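Peer 1: Below: one structure in structure tokens.
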Amino acid sequence: MSPTMKKTASFLVAVAVMSLASSLAYAYDPSPLQDFCVAIAEPKNAVFVNGKFCKNPNLTVAVDFFFHGLNIPGNTENLVGSNVTLVNVDRLPGVNTLGISIARIDYAPYGENPPHTHPRATEILTVLEGTLYVGFVTSNPENRLISKVLNKGDVFVFPFGLIHFQFNIGHTPAVAIAALSSQNPGVITIANAVFGSNPPINPDVLAKAFQLDKKVVEHLQAVF
């Protein structure tokens with residue numbers, strides 16, 4: 001085989017390997033194979049599926065694709081001063097397999113949506129009322145804070161899986177709408193997960209990780 005033919009063969013092999021790797025990389029989240037797949041309760045004795053079972057398309061009705069209530073303010077009388085009304089596949093079955101959900105977030109004056117992450121989604125936030133200080137932190141090792149003050153009509157995106165937050169810096173209540181790139185984005189609130197796990201993480205582990213006195217850690221675990 002000539003040098004030119006060897007180079008061509010090597011190139012074709014490389015392309016084939018890259019194509020295979022690309023197909024495997026996207027195999028975990030395939031595109032819908034039908035117009036829609038309205039979620040239904042899990043049938044008895046059924047095998048586990050990644051998502052929800054699909055309703056017979058011939059039996060779908062308008063209410064499967066409808067949710068009422070995002071105009072209703074959430075109760076912000078809690079320790080963090082915020083409330084998230086999430087409309088995901090559990091509340092709007094028509095979004096099953098469509099990779100999207102939406103949430104209304106209400107903030108009391110100086111309330112916050114504390115640092116958290118969505119393990120399965122990117123989030124894009126639009127401020128409807130008020131002024132929010134928002135931000136996210138990049139991954140290790142930089143851990144760079146990227147933040148911005150948002151006013152009514154402003155839009156900000158929180159990249160997939162990164163820790164982010166919103167804080168109402170105004171004297172009046174604030175409202176935002178968030179769209180998320182998953183029918184079930186999930187949420188991990190950092191403080192609750194770390195200090196409020198069940199069973200609790202050994203306080204010696206957290207004391208060393210956060211460079212805190214063990215008694216401080218035990219106090220935080222009691223709070224959460």
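Here's how to read the names in the structure tokens: chain A, B, ... by the order shown, residue numbers from 1 in each chain, ligand numbers from 1 in the order shown.
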Counting only C-alpha atoms, what are the residues of segment 50-82 of chain A within 10 Å of segment 160-179 of chain A, and for each of them which pair of atoms is the nearest and at what distance in Å, to one decimal? Sort the table by chain and rising number, as a Markdown table.

Peer 2:
| residue | atom | partner | partner_atom | distance |
| --- | --- | --- | --- | --- |
| A:Leu70 | CA | A:Ile177 | CA | 9.2 |
| A:Pro73 | CA | A:Val175 | CA | 8.4 |
| A:Gly74 | CA | A:Val175 | CA | 9.6 |
| A:Thr76 | CA | A:Pro173 | CA | 9.4 |
| A:Val80 | CA | A:Phe167 | CA | 9.7 |
| A:Gly81 | CA | A:Asn168 | CA | 9.2 |
| A:Ser82 | CA | A:Asn168 | CA | 9.2 |

Peer 1: Can I get the selection written as a CSV table (one decimal), in the first residue's frame, with all heavy atoms?

Peer 2:
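Full text of out_31.csv as output:
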chain,number,residue,atom,x,y,z
A,70,LEU,N,-49.9,29.4,36.7
A,70,LEU,CA,-48.7,30.2,36.8
A,70,LEU,C,-48.9,31.7,37.1
A,70,LEU,O,-48.0,32.4,37.4
A,70,LEU,CB,-47.8,30.0,35.6
A,70,LEU,CG,-47.0,28.7,35.5
A,70,LEU,CD1,-46.0,28.8,34.4
A,70,LEU,CD2,-46.3,28.4,36.9
A,73,PRO,N,-49.4,33.8,42.6
A,73,PRO,CA,-48.1,33.9,43.3
A,73,PRO,C,-47.9,32.8,44.3
A,73,PRO,O,-48.9,32.3,44.9
A,73,PRO,CB,-48.3,35.3,44.1
A,73,PRO,CG,-49.4,36.0,43.3
A,73,PRO,CD,-50.3,34.9,42.8
A,74,GLY,N,-46.7,32.4,44.4
A,74,GLY,CA,-46.3,31.3,45.4
A,74,GLY,C,-46.1,31.9,46.8
A,74,GLY,O,-45.8,33.1,46.9
A,76,THR,N,-44.1,32.9,49.8
A,76,THR,CA,-42.7,33.1,50.1
A,76,THR,C,-42.4,33.3,51.6
A,76,THR,O,-41.4,33.7,52.0
A,76,THR,CB,-42.2,34.4,49.3
A,76,THR,OG1,-43.0,35.5,49.8
A,76,THR,CG2,-42.4,34.2,47.8
A,80,VAL,N,-36.1,31.1,53.3
A,80,VAL,CA,-35.3,31.7,52.3
A,80,VAL,C,-36.1,32.8,51.5
A,80,VAL,O,-35.5,33.6,50.7
A,80,VAL,CB,-34.8,30.7,51.3
A,80,VAL,CG1,-33.8,29.7,51.9
A,80,VAL,CG2,-36.0,29.9,50.6
A,81,GLY,N,-37.4,32.9,51.8
A,81,GLY,CA,-38.1,34.0,51.1
A,81,GLY,C,-38.4,33.8,49.7
A,81,GLY,O,-38.4,34.8,48.9
A,82,SER,N,-38.6,32.6,49.2
A,82,SER,CA,-38.9,32.4,47.8
A,82,SER,C,-39.7,31.1,47.7
A,82,SER,O,-39.9,30.3,48.6
A,82,SER,CB,-37.6,32.2,47.0
A,82,SER,OG,-36.9,30.9,47.3

Peer 1: I'd like the neighbourhood of segment 147-150 of chain A as a PyMOL selection string, where a residue qualifies if any of its atoms comes within 6 Å (using only C-alpha atoms), though same-chain residues fewer than 5 positions away should be ignored.

Peer 2: chain A and resi 131-135

Peer 1: A:Asp35, A:Asp154, A:Glu42, A:Glu142: which is nearest Leu128 of chain A, counting only C-alpha atoms?

Peer 2: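 Of all the options, A:Asp154 lies closest to Leu128 of chain A.
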
Peer 1: Using only C-alpha atoms for the distances, tell me which of A:Asn83, A:Thr189, A:Asn184, A:Asn140 is nearest to Pro115 of chain A.

Peer 2: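 Of A:Asn83, A:Thr189, A:Asn184, A:Asn140, the one nearest Pro115 of chain A is A:Thr189, counting only C-alpha atoms.
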
Peer 1: When DSSP is applied to the backbone of this structure, which of chain A are assigned alpha helix (DSSP H)? Write them out as JSON, numbers by chain.

Peer 2: {"A": [3, 4, 5, 6, 7, 8, 9, 10, 11, 12, 13, 14, 15, 16, 17, 18, 19, 20, 21, 22, 23, 24, 25, 26, 190, 191, 192, 193, 194, 195, 203, 204, 205, 206, 207, 208, 209, 210, 214, 215, 216, 217, 218, 219, 220, 221, 222, 223]}

Peer 1: If DSSP is run on the backbone, what residues of segment 42-187 of chain A are strand (DSSP E)? A reply as a PyMOL selection string would be ideal.

Peer 2: chain A and resi 53-54+82-87+101-107+112-117+123-129+132-137+145-150+155-158+164-168+174-180

Peer 1: Pick out the residues sitting within 12 Å of segment 212-219 of chain A, and hand them over as a count of residues only; count only C-alpha atoms, and ignore anything fewer than 3 positions along from it in its own chain.

Peer 2: 17

Peer 1: Kindly indicate which residue among A:Tyr107, A:Val187, A:Leu92, A:Leu220 lies nearest to Thr122 of chain A, using only C-alpha atoms for the distances.

Peer 2: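 Of the candidates, the smallest distance to Thr122 of chain A is held by A:Val187.
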
Peer 1: What separation in Å, quoted to one decimal, exists between atom CA of Ala121 of chain A and atom CA of Pro109 of chain A?

Peer 2: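 For atom CA of Ala121 of chain A relative to atom CA of Pro109 of chain A, the distance reads 27.5 Å.
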
Peer 1: Take atom CA of Asn78 of chain A and atom CA of Asn192 of chain A and report the distance between them in Å, one decimal.

Peer 2: 14.5 Å

Peer 1: Would you kindly return, as an MDAnalysis selection string, each protein, DNA or RNA residue with an atom no farther than 9 Å from any atom of Asn96 of chain A, considering only C-alpha atoms and excluding same-chain residues fewer than 5 positions away?

Peer 2: chainID A and resid 36:39 51:54 88:90 183:184

Peer 1: Identify which of the residues A:Tyr110, A:Phe67, A:Phe156, A:Phe136 lies closest to Leu79 of chain A, counting only C-alpha atoms when measuring atom-to-atom distances.

Peer 2: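 Among A:Tyr110, A:Phe67, A:Phe156, A:Phe136, it is A:Tyr110 that comes nearest to Leu79 of chain A.
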
Peer 1: Compile the contact shell of Val155 of chain A as a ChimeraX atom specification: residues with an atom at most 8 Å away, counting only C-alpha atoms, same-chain residues fewer than 4 positions apart removed.

Peer 2: /A:124-127,150

Peer 1: Atom CA of Asn143 of chain A and atom CA of Val84 of chain A, how far apart in Å?

Peer 2: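 Between atom CA of Val84 of chain A and atom CA of Asn143 of chain A the gap is 26.2 Å.
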
Peer 1: Given only C-alpha atoms as the basis, pick out the residue of A:Gly186, A:Lys55, A:Ile100, A:Arg91 nearest to His118 of chain A.

Peer 2: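 For His118 of chain A, the nearest of the candidates is A:Gly186.
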
Peer 1: May I ask which of the residues A:Ile190, A:Leu145, A:Leu180, A:Ile72 is the closest one to Ile102 of chain A, counting only C-alpha atoms?

Peer 2: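 Smallest distance to Ile102 of chain A is found for A:Leu180.
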